[in-house]
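Next comes coords_3.cif, a file with mmCIF, C-alpha atoms.
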```cif
data_model
loop_
_atom_site.group_PDB
_atom_site.id
_atom_site.type_symbol
_atom_site.label_atom_id
_atom_site.label_comp_id
_atom_site.auth_asym_id
_atom_site.auth_seq_id
_atom_site.Cartn_x
_atom_site.Cartn_y
_atom_site.Cartn_z
ATOM 1 C CA MET Q 1 27.121 -18.250 42.028
ATOM 2 C CA THR Q 2 29.209 -20.024 39.401
ATOM 3 C CA LEU Q 3 31.840 -22.730 39.342
ATOM 4 C CA ALA Q 4 34.548 -20.081 39.574
ATOM 5 C CA ASP Q 5 32.997 -18.762 42.791
ATOM 6 C CA ILE Q 6 33.120 -22.054 44.718
ATOM 7 C CA GLY Q 7 36.344 -23.514 43.337
ATOM 8 C CA TRP Q 8 37.130 -26.926 41.890
ATOM 9 C CA SER Q 9 37.472 -28.677 45.265
ATOM 10 C CA GLU Q 10 33.922 -27.758 46.272
ATOM 11 C CA TYR Q 11 32.664 -28.735 42.813
ATOM 12 C CA TRP Q 12 34.283 -32.195 42.818
ATOM 13 C CA SER Q 13 33.425 -33.010 46.434
ATOM 14 C CA PRO Q 14 29.752 -34.025 45.802
ATOM 15 C CA ILE Q 15 30.767 -35.955 42.681
ATOM 16 C CA ARG Q 16 33.435 -37.929 44.543
ATOM 17 C CA LEU Q 17 31.058 -38.666 47.406
ATOM 18 C CA SER Q 18 28.256 -39.719 45.042
ATOM 19 C CA LEU Q 19 30.558 -42.135 43.221
ATOM 20 C CA GLN Q 20 31.911 -43.464 46.529
ATOM 21 C CA VAL Q 21 28.412 -44.023 47.899
ATOM 22 C CA ALA Q 22 27.098 -45.540 44.652
ATOM 23 C CA LEU Q 23 30.042 -47.938 44.267
ATOM 24 C CA LEU Q 24 29.886 -49.183 47.839
ATOM 25 C CA ALA Q 25 26.083 -49.329 47.987
ATOM 26 C CA SER Q 26 25.792 -51.179 44.661
ATOM 27 C CA VAL Q 27 28.346 -53.789 45.766
ATOM 28 C CA ILE Q 28 26.491 -54.333 49.053
ATOM 29 C CA ALA Q 29 23.141 -54.446 47.256
ATOM 30 C CA ILE Q 30 24.327 -56.973 44.661
ATOM 31 C CA VAL Q 31 25.786 -59.251 47.335
ATOM 32 C CA LEU Q 32 22.676 -59.092 49.535
ATOM 33 C CA GLY Q 33 20.305 -59.231 46.588
ATOM 34 C CA THR Q 34 22.021 -62.261 45.060
ATOM 35 C CA ALA Q 35 22.125 -64.125 48.369
ATOM 36 C CA VAL Q 36 18.465 -63.436 49.143
ATOM 37 C CA ALA Q 37 17.380 -64.158 45.565
ATOM 38 C CA TRP Q 38 19.226 -67.492 45.608
ATOM 39 C CA CYS Q 39 17.536 -68.495 48.889
ATOM 40 C CA MET Q 40 14.098 -67.441 47.650
ATOM 41 C CA SER Q 41 14.472 -69.169 44.282
ATOM 42 C CA ARG Q 42 15.552 -72.461 45.861
ATOM 43 C CA ARG Q 43 12.141 -72.808 47.473
ATOM 44 C CA GLU Q 44 9.382 -72.288 44.942
ATOM 45 C CA THR Q 45 6.751 -71.764 47.608
ATOM 46 C CA PHE Q 46 6.525 -71.588 51.384
ATOM 47 C CA ARG Q 47 4.234 -70.032 53.932
ATOM 48 C CA GLY Q 48 4.637 -66.265 53.931
ATOM 49 C CA LYS Q 49 6.755 -66.045 50.763
ATOM 50 C CA THR Q 50 4.454 -63.516 49.107
ATOM 51 C CA VAL Q 51 4.435 -61.310 52.216
ATOM 52 C CA LEU Q 52 8.230 -61.493 52.488
ATOM 53 C CA GLU Q 53 8.752 -60.583 48.837
ATOM 54 C CA THR Q 54 6.301 -57.703 49.219
ATOM 55 C CA ILE Q 55 8.395 -56.367 52.098
ATOM 56 C CA PHE Q 56 11.528 -56.643 49.946
ATOM 57 C CA MET Q 57 9.871 -54.573 47.202
ATOM 58 C CA LEU Q 58 8.347 -51.902 49.452
ATOM 59 C CA PRO Q 59 11.238 -49.379 49.149
ATOM 60 C CA LEU Q 60 10.641 -49.350 45.392
ATOM 61 C CA VAL Q 61 7.105 -47.969 45.712
ATOM 62 C CA LEU Q 62 7.286 -45.989 48.948
ATOM 63 C CA PRO Q 63 8.106 -42.263 48.695
ATOM 64 C CA PRO Q 64 11.837 -41.757 49.404
ATOM 65 C CA THR Q 65 11.014 -39.437 52.287
ATOM 66 C CA VAL Q 66 9.001 -42.221 53.931
ATOM 67 C CA VAL Q 67 11.938 -44.597 53.553
ATOM 68 C CA GLY Q 68 14.206 -41.919 54.998
ATOM 69 C CA PHE Q 69 11.878 -41.313 57.922
ATOM 70 C CA LEU Q 70 11.728 -45.016 58.774
ATOM 71 C CA LEU Q 71 15.510 -45.252 58.577
ATOM 72 C CA LEU Q 72 15.775 -42.167 60.773
ATOM 73 C CA ILE Q 73 13.586 -43.797 63.416
ATOM 74 C CA LEU Q 74 15.561 -47.027 63.181
ATOM 75 C CA LEU Q 75 19.080 -45.554 63.115
ATOM 76 C CA GLY Q 76 18.563 -42.498 65.306
ATOM 77 C CA ARG Q 77 19.919 -42.353 68.833
ATOM 78 C CA ARG Q 78 16.537 -43.396 70.216
ATOM 79 C CA GLY Q 79 16.158 -46.219 67.698
ATOM 80 C CA TRP Q 80 17.130 -49.691 68.857
ATOM 81 C CA LEU Q 81 19.674 -50.171 66.078
ATOM 82 C CA GLY Q 82 21.031 -46.635 66.260
ATOM 83 C CA GLY Q 83 21.372 -46.887 70.043
ATOM 84 C CA LEU Q 84 23.185 -50.195 69.716
ATOM 85 C CA ILE Q 85 25.605 -48.783 67.133
ATOM 86 C CA GLU Q 86 26.344 -45.793 69.364
ATOM 87 C CA LYS Q 87 27.079 -48.038 72.345
ATOM 88 C CA VAL Q 88 29.380 -50.306 70.367
ATOM 89 C CA PHE Q 89 31.202 -47.769 68.169
ATOM 90 C CA HIS Q 90 30.722 -44.625 70.317
ATOM 91 C CA SER Q 91 29.427 -42.704 67.312
ATOM 92 C CA THR Q 92 26.186 -42.251 65.434
ATOM 93 C CA VAL Q 93 25.399 -43.225 61.860
ATOM 94 C CA ILE Q 94 22.992 -40.368 61.234
ATOM 95 C CA PHE Q 95 24.397 -37.422 59.246
ATOM 96 C CA SER Q 96 27.430 -39.312 57.985
ATOM 97 C CA TRP Q 97 28.412 -40.595 54.560
ATOM 98 C CA GLN Q 98 27.781 -44.113 55.867
ATOM 99 C CA ALA Q 99 24.136 -43.121 56.332
ATOM 100 C CA ALA Q 100 24.030 -42.172 52.652
ATOM 101 C CA VAL Q 101 25.327 -45.655 51.799
ATOM 102 C CA ILE Q 102 22.638 -47.285 53.936
ATOM 103 C CA ALA Q 103 19.901 -45.218 52.283
ATOM 104 C CA ALA Q 104 21.230 -46.099 48.834
ATOM 105 C CA VAL Q 105 21.390 -49.819 49.653
ATOM 106 C CA VAL Q 106 17.793 -49.839 50.896
ATOM 107 C CA VAL Q 107 16.370 -48.135 47.807
ATOM 108 C CA ALA Q 108 18.575 -50.102 45.362
ATOM 109 C CA PHE Q 109 17.932 -53.523 46.901
ATOM 110 C CA PRO Q 110 14.451 -54.093 45.358
ATOM 111 C CA LEU Q 111 15.740 -53.535 41.816
ATOM 112 C CA VAL Q 112 18.738 -55.777 42.383
ATOM 113 C CA TYR Q 113 16.667 -58.478 44.059
ATOM 114 C CA ARG Q 114 13.915 -58.567 41.435
ATOM 115 C CA THR Q 115 16.376 -58.691 38.540
ATOM 116 C CA THR Q 116 18.529 -61.354 40.170
ATOM 117 C CA VAL Q 117 15.680 -63.604 41.270
ATOM 118 C CA THR Q 118 14.358 -63.540 37.695
ATOM 119 C CA GLY Q 119 17.756 -64.759 36.539
ATOM 120 C CA PHE Q 120 17.781 -67.588 39.080
ATOM 121 C CA GLU Q 121 14.270 -68.668 38.121
ATOM 122 C CA ALA Q 122 15.299 -68.870 34.456
ATOM 123 C CA VAL Q 123 18.126 -71.333 35.174
ATOM 124 C CA ASP Q 124 17.440 -74.851 33.906
ATOM 125 C CA ARG Q 125 17.353 -76.975 37.078
ATOM 126 C CA ASP Q 126 18.209 -80.082 35.061
ATOM 127 C CA LEU Q 127 21.678 -78.669 34.469
ATOM 128 C CA GLU Q 128 22.172 -78.223 38.209
ATOM 129 C CA TYR Q 129 20.888 -81.736 38.889
ATOM 130 C CA ALA Q 130 23.302 -83.077 36.275
ATOM 131 C CA GLY Q 131 26.185 -81.368 38.049
ATOM 132 C CA ARG Q 132 25.206 -82.870 41.387
ATOM 133 C CA SER Q 133 24.815 -86.296 39.821
ATOM 134 C CA ILE Q 134 28.477 -86.379 38.832
ATOM 135 C CA GLY Q 135 29.625 -85.482 42.337
ATOM 136 C CA ALA Q 136 29.711 -81.666 42.369
ATOM 137 C CA ASN Q 137 28.890 -80.027 45.700
ATOM 138 C CA GLU Q 138 26.549 -77.041 46.021
ATOM 139 C CA TRP Q 139 29.347 -74.468 45.742
ATOM 140 C CA GLN Q 140 30.738 -76.104 42.614
ATOM 141 C CA VAL Q 141 27.263 -76.238 41.057
ATOM 142 C CA PHE Q 142 26.744 -72.555 41.836
ATOM 143 C CA ARG Q 143 30.222 -71.514 40.683
ATOM 144 C CA HIS Q 144 30.426 -73.458 37.429
ATOM 145 C CA ILE Q 145 26.780 -73.797 36.346
ATOM 146 C CA THR Q 146 24.420 -71.340 38.005
ATOM 147 C CA LEU Q 147 26.677 -68.279 38.147
ATOM 148 C CA PRO Q 148 27.645 -68.272 34.436
ATOM 149 C CA LEU Q 149 23.988 -68.667 33.478
ATOM 150 C CA ILE Q 150 22.822 -65.726 35.597
ATOM 151 C CA ALA Q 151 25.798 -63.484 34.711
ATOM 152 C CA PRO Q 152 23.732 -61.256 32.366
ATOM 153 C CA SER Q 153 21.103 -60.771 35.090
ATOM 154 C CA LEU Q 154 23.813 -59.951 37.633
ATOM 155 C CA LYS Q 155 25.315 -57.352 35.331
ATOM 156 C CA THR Q 156 21.931 -55.750 34.727
ATOM 157 C CA ALA Q 157 21.165 -55.848 38.457
ATOM 158 C CA TYR Q 158 24.444 -54.143 39.307
ATOM 159 C CA VAL Q 159 23.940 -51.374 36.756
ATOM 160 C CA LEU Q 160 20.411 -50.753 38.029
ATOM 161 C CA GLY Q 161 21.640 -50.750 41.632
ATOM 162 C CA PHE Q 162 24.477 -48.350 40.834
ATOM 163 C CA ALA Q 163 22.194 -45.996 38.912
ATOM 164 C CA ARG Q 164 19.583 -46.011 41.678
ATOM 165 C CA SER Q 165 22.251 -45.385 44.309
ATOM 166 C CA LEU Q 166 23.775 -42.573 42.276
ATOM 167 C CA GLY Q 167 20.442 -40.802 41.944
ATOM 168 C CA GLU Q 168 19.149 -41.315 45.473
ATOM 169 C CA PHE Q 169 17.919 -38.057 47.030
ATOM 170 C CA GLY Q 170 14.990 -38.185 49.458
ATOM 171 C CA ALA Q 171 16.094 -40.886 51.890
ATOM 172 C CA THR Q 172 19.692 -39.617 51.769
ATOM 173 C CA LEU Q 173 18.617 -36.102 52.659
ATOM 174 C CA MET Q 174 16.572 -37.425 55.596
ATOM 175 C CA ILE Q 175 19.299 -39.460 57.313
ATOM 176 C CA ALA Q 176 22.569 -38.077 55.917
ATOM 177 C CA GLY Q 177 21.660 -34.439 55.521
ATOM 178 C CA ASN Q 178 23.358 -32.034 53.151
ATOM 179 C CA ILE Q 179 26.674 -31.162 54.756
ATOM 180 C CA PRO Q 180 29.135 -29.823 52.144
ATOM 181 C CA GLY Q 181 32.295 -31.899 52.067
ATOM 182 C CA ARG Q 182 30.810 -34.614 54.303
ATOM 183 C CA THR Q 183 27.394 -35.815 53.192
ATOM 184 C CA GLN Q 184 26.487 -33.648 50.211
ATOM 185 C CA THR Q 185 25.926 -35.785 47.129
ATOM 186 C CA VAL Q 186 25.269 -34.537 43.614
ATOM 187 C CA PRO Q 187 21.438 -34.815 43.820
ATOM 188 C CA THR Q 188 21.320 -32.801 47.055
ATOM 189 C CA ALA Q 189 23.878 -30.314 45.712
ATOM 190 C CA ILE Q 190 21.773 -29.776 42.584
ATOM 191 C CA TYR Q 191 18.641 -29.270 44.689
ATOM 192 C CA VAL Q 192 20.336 -26.643 46.869
ATOM 193 C CA ALA Q 193 21.835 -24.886 43.833
ATOM 194 C CA VAL Q 194 18.459 -24.670 42.078
ATOM 195 C CA ASP Q 195 16.717 -23.579 45.287
ATOM 196 C CA SER Q 196 19.306 -20.819 45.684
ATOM 197 C CA GLY Q 197 18.956 -19.673 42.088
ATOM 198 C CA HIS Q 198 22.452 -20.831 41.061
ATOM 199 C CA LEU Q 199 21.406 -22.478 37.821
ATOM 200 C CA SER Q 200 24.846 -22.481 36.205
ATOM 201 C CA LEU Q 201 26.226 -24.462 39.138
ATOM 202 C CA ALA Q 202 23.275 -26.854 38.986
ATOM 203 C CA TRP Q 203 23.955 -27.334 35.279
ATOM 204 C CA ALA Q 204 27.623 -28.101 35.959
ATOM 205 C CA TRP Q 205 26.720 -30.887 38.419
ATOM 206 C CA THR Q 206 23.942 -32.150 36.142
ATOM 207 C CA ILE Q 207 26.307 -32.461 33.185
ATOM 208 C CA ALA Q 208 28.810 -34.346 35.363
ATOM 209 C CA ILE Q 209 26.270 -36.889 36.602
ATOM 210 C CA VAL Q 210 24.786 -37.353 33.112
ATOM 211 C CA ALA Q 211 28.298 -37.980 31.756
ATOM 212 C CA VAL Q 212 29.010 -40.600 34.447
ATOM 213 C CA SER Q 213 25.716 -42.380 33.769
ATOM 214 C CA PHE Q 214 26.266 -42.256 30.005
ATOM 215 C CA VAL Q 215 29.758 -43.763 30.255
ATOM 216 C CA LEU Q 216 28.504 -46.516 32.570
ATOM 217 C CA LEU Q 217 25.684 -47.484 30.206
ATOM 218 C CA LEU Q 218 27.989 -47.240 27.182
ATOM 219 C CA LEU Q 219 30.564 -49.580 28.735
ATOM 220 C CA THR Q 220 27.830 -52.005 29.750
ATOM 221 C CA GLY Q 221 26.387 -51.990 26.234
ATOM 222 C CA ARG Q 222 29.799 -52.620 24.659
ATOM 223 C CA ARG Q 223 30.434 -55.550 26.996
ATOM 224 C CA SER Q 224 27.079 -57.043 26.055
ATOM 225 C CA SER Q 225 27.956 -56.698 22.381
#
```

Using the file provided, produce a representation of the structure as structure tokens.
Amino acid sequence: MTLADIGWSEYWSPIRLSLQVALLASVIAIVLGTAVAWCMSRRETFRGKTVLETIFMLPLVLPPTVVGFLLLILLGRRGWLGGLIEKVFHSTVIFSWQAAVIAAVVVAFPLVYRTTVTGFEAVDRDLEYAGRSIGANEWQVFRHITLPLIAPSLKTAYVLGFARSLGEFGATLMIAGNIPGRTQTVPTAIYVAVDSGHLSLAWAWTIAIVAVSFVLLLLTGRRSS
């Protein structure tokens, strides 16, 4: 099977969905990661901090299929969260593009969190204290002092989160499936194409995702310069 056999609409569908999932998941991950990193960095030590940070980093080292299985148990109809969602919204999350977003957020969060918390820890606290001493409230200190100082870390965290979301495969396949036109992302489409022996089609999707990643990194590098 080649690109001519499936048509342009079928070819672009996984690419559009992958970009949609990666954009939304990276935004969610950067917001959650920044908020959690700020809270954790404000308190240098507290009981259970090491255990909590270990939990945050677990998706980074666990096999993606394990992460997907745990999410499947949690979000399935028999899971407490999945059952609650079905009662409230009268629909399930499993095997939907929203499930792909959730999987991407979970696997991207550790990278975003670790990068962001490093940025917060590098901020000179004396500058924040100086801002408070002249009457600035916490939001003003964060907005005008802390945020500009951690901007490079935030940018790096977002790029890492986007790239991880774009390449997510195992957990996505477990809870979102591989439904063409609905939940099929580029990684799952490439896997199916290779498994079916359609190497030219797999190459076409591979080139597309490499081009997207290259442009993203190129733009990020130019901004840094």

Reference answer for the PyMOL selection byres ((chain Q and resi 94) around 12), as number ranges by chain: Q: 68-69, 71-79, 81-83, 85-86, 91-93, 95-103, 171-179, 182-183

Output of the above residues as a PDB file, keeping the file's coordinate frame, restricted to C-alpha atoms:
```pdb
ATOM      1  CA  GLY Q  68      14.206 -41.919  54.998  1.00  0.00           C
ATOM      2  CA  PHE Q  69      11.878 -41.313  57.922  1.00  0.00           C
ATOM      3  CA  LEU Q  71      15.510 -45.252  58.577  1.00  0.00           C
ATOM      4  CA  LEU Q  72      15.775 -42.167  60.773  1.00  0.00           C
ATOM      5  CA  ILE Q  73      13.586 -43.797  63.416  1.00  0.00           C
ATOM      6  CA  LEU Q  74      15.561 -47.027  63.181  1.00  0.00           C
ATOM      7  CA  LEU Q  75      19.080 -45.554  63.115  1.00  0.00           C
ATOM      8  CA  GLY Q  76      18.563 -42.498  65.306  1.00  0.00           C
ATOM      9  CA  ARG Q  77      19.919 -42.353  68.833  1.00  0.00           C
ATOM     10  CA  ARG Q  78      16.537 -43.396  70.216  1.00  0.00           C
ATOM     11  CA  GLY Q  79      16.158 -46.219  67.698  1.00  0.00           C
ATOM     12  CA  LEU Q  81      19.674 -50.171  66.078  1.00  0.00           C
ATOM     13  CA  GLY Q  82      21.031 -46.635  66.260  1.00  0.00           C
ATOM     14  CA  GLY Q  83      21.372 -46.887  70.043  1.00  0.00           C
ATOM     15  CA  ILE Q  85      25.605 -48.783  67.133  1.00  0.00           C
ATOM     16  CA  GLU Q  86      26.344 -45.793  69.364  1.00  0.00           C
ATOM     17  CA  SER Q  91      29.427 -42.704  67.312  1.00  0.00           C
ATOM     18  CA  THR Q  92      26.186 -42.251  65.434  1.00  0.00           C
ATOM     19  CA  VAL Q  93      25.399 -43.225  61.860  1.00  0.00           C
ATOM     20  CA  PHE Q  95      24.397 -37.422  59.246  1.00  0.00           C
ATOM     21  CA  SER Q  96      27.430 -39.312  57.985  1.00  0.00           C
ATOM     22  CA  TRP Q  97      28.412 -40.595  54.560  1.00  0.00           C
ATOM     23  CA  GLN Q  98      27.781 -44.113  55.867  1.00  0.00           C
ATOM     24  CA  ALA Q  99      24.136 -43.121  56.332  1.00  0.00           C
ATOM     25  CA  ALA Q 100      24.030 -42.172  52.652  1.00  0.00           C
ATOM     26  CA  VAL Q 101      25.327 -45.655  51.799  1.00  0.00           C
ATOM     27  CA  ILE Q 102      22.638 -47.285  53.936  1.00  0.00           C
ATOM     28  CA  ALA Q 103      19.901 -45.218  52.283  1.00  0.00           C
ATOM     29  CA  ALA Q 171      16.094 -40.886  51.890  1.00  0.00           C
ATOM     30  CA  THR Q 172      19.692 -39.617  51.769  1.00  0.00           C
ATOM     31  CA  LEU Q 173      18.617 -36.102  52.659  1.00  0.00           C
ATOM     32  CA  MET Q 174      16.572 -37.425  55.596  1.00  0.00           C
ATOM     33  CA  ILE Q 175      19.299 -39.460  57.313  1.00  0.00           C
ATOM     34  CA  ALA Q 176      22.569 -38.077  55.917  1.00  0.00           C
ATOM     35  CA  GLY Q 177      21.660 -34.439  55.521  1.00  0.00           C
ATOM     36  CA  ASN Q 178      23.358 -32.034  53.151  1.00  0.00           C
ATOM     37  CA  ILE Q 179      26.674 -31.162  54.756  1.00  0.00           C
ATOM     38  CA  ARG Q 182      30.810 -34.614  54.303  1.00  0.00           C
ATOM     39  CA  THR Q 183      27.394 -35.815  53.192  1.00  0.00           C
TER      40      THR Q 183
END
```

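Residue neighbourhood of segment 122-131 of chain Q, excluding near-sequence residues (fewer than 3 positions): Thr118, Gly119, Ile134, Gly135, Ala136, Val141, Ile145, Thr146 and Leu149 of chain Q, at 7 Å, using only C-alpha atoms.
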
Need to verify the contact set: Ser9 of chain Q, 12 Å, only C-alpha atoms, exclusion of same-chain residues closer than 6 positions in sequence. Can you return it as a list in words?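 Non-adjacent residues within range: Leu3, Ile15, Arg16, Pro180 and Gly181 of chain Q.
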
Which residues, named as in the file, does the PyMOL selection byres ((chain Q and resi 150-167) around 9) pick out? Answer as a PyMOL selection string. chain Q and resi 18-19+21-27+29-30+33-34+101+103-105+107-120+122-123+146-149+168-169+185-187+209+213+216-217+220+224

Rounded to one decimal place, report the atom CA of Leu218 of chain Q-atom CA of Pro64 of chain Q distance in Å. 28.0 Å

Could you tell me how far atom CA of Val36 of chain Q lies from atom CA of Val61 of chain Q, in Å and to one decimal? 19.5 Å

Please, what distance in Å, to one decimal, runs between atom CA of Gln20 of chain Q and atom CA of Ala202 of chain Q?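 Those two atoms sit 20.2 Å apart.
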
Shell around segment 55-60 of chain Q at 7 Å using all atoms listed in the file, local window under 2 positions removed, as a PDB file with C-alpha atoms, in the coordinates of the input:
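As a result, out_10.pdb now contains:
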```pdb
ATOM      1  CA  VAL Q  51       4.435 -61.310  52.216  1.00  0.00           C
ATOM      2  CA  LEU Q  52       8.230 -61.493  52.488  1.00  0.00           C
ATOM      3  CA  GLU Q  53       8.752 -60.583  48.837  1.00  0.00           C
ATOM      4  CA  LEU Q  62       7.286 -45.989  48.948  1.00  0.00           C
ATOM      5  CA  VAL Q  67      11.938 -44.597  53.553  1.00  0.00           C
ATOM      6  CA  VAL Q 106      17.793 -49.839  50.896  1.00  0.00           C
ATOM      7  CA  VAL Q 107      16.370 -48.135  47.807  1.00  0.00           C
ATOM      8  CA  PRO Q 110      14.451 -54.093  45.358  1.00  0.00           C
TER       9      PRO Q 110
END
```

Return as lines of an AutoDock Vina configuration file the centre and edge lengths, in Å with one decimal, of the box along x, y and z that encloses every atom of segment 61-65 of chain Q in the file, padded by 4 Å per side.
```
center_x = 9.5
center_y = -43.7
center_z = 49.0
size_x = 12.7
size_y = 16.5
size_z = 14.6
```

For segment 205-213 of chain Q, supply all heavy atoms and format the output as a PDB file, keeping the file's coordinate frame.
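Everything below was put into rebuild_36.pdb:
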```
ATOM      1  N   TRP Q 205      26.850 -29.594  37.745  1.00  0.00           N
ATOM      2  CA  TRP Q 205      26.720 -30.887  38.419  1.00  0.00           C
ATOM      3  C   TRP Q 205      25.846 -31.851  37.597  1.00  0.00           C
ATOM      4  O   TRP Q 205      26.104 -33.052  37.565  1.00  0.00           O
ATOM      5  CB  TRP Q 205      26.138 -30.699  39.807  1.00  0.00           C
ATOM      6  CG  TRP Q 205      27.175 -30.355  40.829  1.00  0.00           C
ATOM      7  CD1 TRP Q 205      28.403 -30.925  40.985  1.00  0.00           C
ATOM      8  CD2 TRP Q 205      27.097 -29.354  41.850  1.00  0.00           C
ATOM      9  NE1 TRP Q 205      29.087 -30.348  42.036  1.00  0.00           N
ATOM     10  CE2 TRP Q 205      28.293 -29.383  42.589  1.00  0.00           C
ATOM     11  CE3 TRP Q 205      26.106 -28.439  42.230  1.00  0.00           C
ATOM     12  CZ2 TRP Q 205      28.549 -28.541  43.673  1.00  0.00           C
ATOM     13  CZ3 TRP Q 205      26.347 -27.600  43.306  1.00  0.00           C
ATOM     14  CH2 TRP Q 205      27.563 -27.649  44.015  1.00  0.00           C
ATOM     15  N   THR Q 206      24.812 -31.308  36.959  1.00  0.00           N
ATOM     16  CA  THR Q 206      23.942 -32.150  36.142  1.00  0.00           C
ATOM     17  C   THR Q 206      24.707 -32.765  34.978  1.00  0.00           C
ATOM     18  O   THR Q 206      24.565 -33.966  34.685  1.00  0.00           O
ATOM     19  CB  THR Q 206      22.757 -31.320  35.609  1.00  0.00           C
ATOM     20  OG1 THR Q 206      21.987 -30.833  36.715  1.00  0.00           O
ATOM     21  CG2 THR Q 206      21.870 -32.166  34.709  1.00  0.00           C
ATOM     22  N   ILE Q 207      25.510 -31.962  34.312  1.00  0.00           N
ATOM     23  CA  ILE Q 207      26.307 -32.461  33.185  1.00  0.00           C
ATOM     24  C   ILE Q 207      27.266 -33.546  33.652  1.00  0.00           C
ATOM     25  O   ILE Q 207      27.452 -34.571  32.981  1.00  0.00           O
ATOM     26  CB  ILE Q 207      27.072 -31.301  32.515  1.00  0.00           C
ATOM     27  CG1 ILE Q 207      26.080 -30.357  31.829  1.00  0.00           C
ATOM     28  CG2 ILE Q 207      28.099 -31.826  31.527  1.00  0.00           C
ATOM     29  CD1 ILE Q 207      26.709 -29.082  31.316  1.00  0.00           C
ATOM     30  N   ALA Q 208      27.865 -33.358  34.824  1.00  0.00           N
ATOM     31  CA  ALA Q 208      28.810 -34.346  35.363  1.00  0.00           C
ATOM     32  C   ALA Q 208      28.121 -35.678  35.624  1.00  0.00           C
ATOM     33  O   ALA Q 208      28.636 -36.746  35.250  1.00  0.00           O
ATOM     34  CB  ALA Q 208      29.450 -33.809  36.638  1.00  0.00           C
ATOM     35  N   ILE Q 209      26.949 -35.639  36.248  1.00  0.00           N
ATOM     36  CA  ILE Q 209      26.270 -36.889  36.602  1.00  0.00           C
ATOM     37  C   ILE Q 209      25.695 -37.562  35.362  1.00  0.00           C
ATOM     38  O   ILE Q 209      25.664 -38.806  35.269  1.00  0.00           O
ATOM     39  CB  ILE Q 209      25.162 -36.620  37.651  1.00  0.00           C
ATOM     40  CG1 ILE Q 209      24.984 -37.851  38.540  1.00  0.00           C
ATOM     41  CG2 ILE Q 209      23.867 -36.224  37.031  1.00  0.00           C
ATOM     42  CD1 ILE Q 209      26.148 -38.128  39.449  1.00  0.00           C
ATOM     43  N   VAL Q 210      25.247 -36.779  34.376  1.00  0.00           N
ATOM     44  CA  VAL Q 210      24.786 -37.353  33.112  1.00  0.00           C
ATOM     45  C   VAL Q 210      25.947 -38.030  32.386  1.00  0.00           C
ATOM     46  O   VAL Q 210      25.796 -39.121  31.822  1.00  0.00           O
ATOM     47  CB  VAL Q 210      24.150 -36.269  32.221  1.00  0.00           C
ATOM     48  CG1 VAL Q 210      23.914 -36.796  30.804  1.00  0.00           C
ATOM     49  CG2 VAL Q 210      22.829 -35.798  32.819  1.00  0.00           C
ATOM     50  N   ALA Q 211      27.120 -37.404  32.413  1.00  0.00           N
ATOM     51  CA  ALA Q 211      28.298 -37.980  31.756  1.00  0.00           C
ATOM     52  C   ALA Q 211      28.696 -39.299  32.401  1.00  0.00           C
ATOM     53  O   ALA Q 211      29.011 -40.275  31.707  1.00  0.00           O
ATOM     54  CB  ALA Q 211      29.463 -36.986  31.819  1.00  0.00           C
ATOM     55  N   VAL Q 212      28.672 -39.362  33.738  1.00  0.00           N
ATOM     56  CA  VAL Q 212      29.010 -40.600  34.447  1.00  0.00           C
ATOM     57  C   VAL Q 212      28.027 -41.707  34.083  1.00  0.00           C
ATOM     58  O   VAL Q 212      28.428 -42.839  33.790  1.00  0.00           O
ATOM     59  CB  VAL Q 212      29.016 -40.367  35.972  1.00  0.00           C
ATOM     60  CG1 VAL Q 212      29.127 -41.691  36.715  1.00  0.00           C
ATOM     61  CG2 VAL Q 212      30.177 -39.458  36.365  1.00  0.00           C
ATOM     62  N   SER Q 213      26.746 -41.387  34.089  1.00  0.00           N
ATOM     63  CA  SER Q 213      25.716 -42.380  33.769  1.00  0.00           C
ATOM     64  C   SER Q 213      25.841 -42.843  32.322  1.00  0.00           C
ATOM     65  O   SER Q 213      25.691 -44.039  32.023  1.00  0.00           O
ATOM     66  CB  SER Q 213      24.322 -41.784  34.002  1.00  0.00           C
ATOM     67  OG  SER Q 213      24.177 -41.361  35.344  1.00  0.00           O
TER      68      SER Q 213
END
```
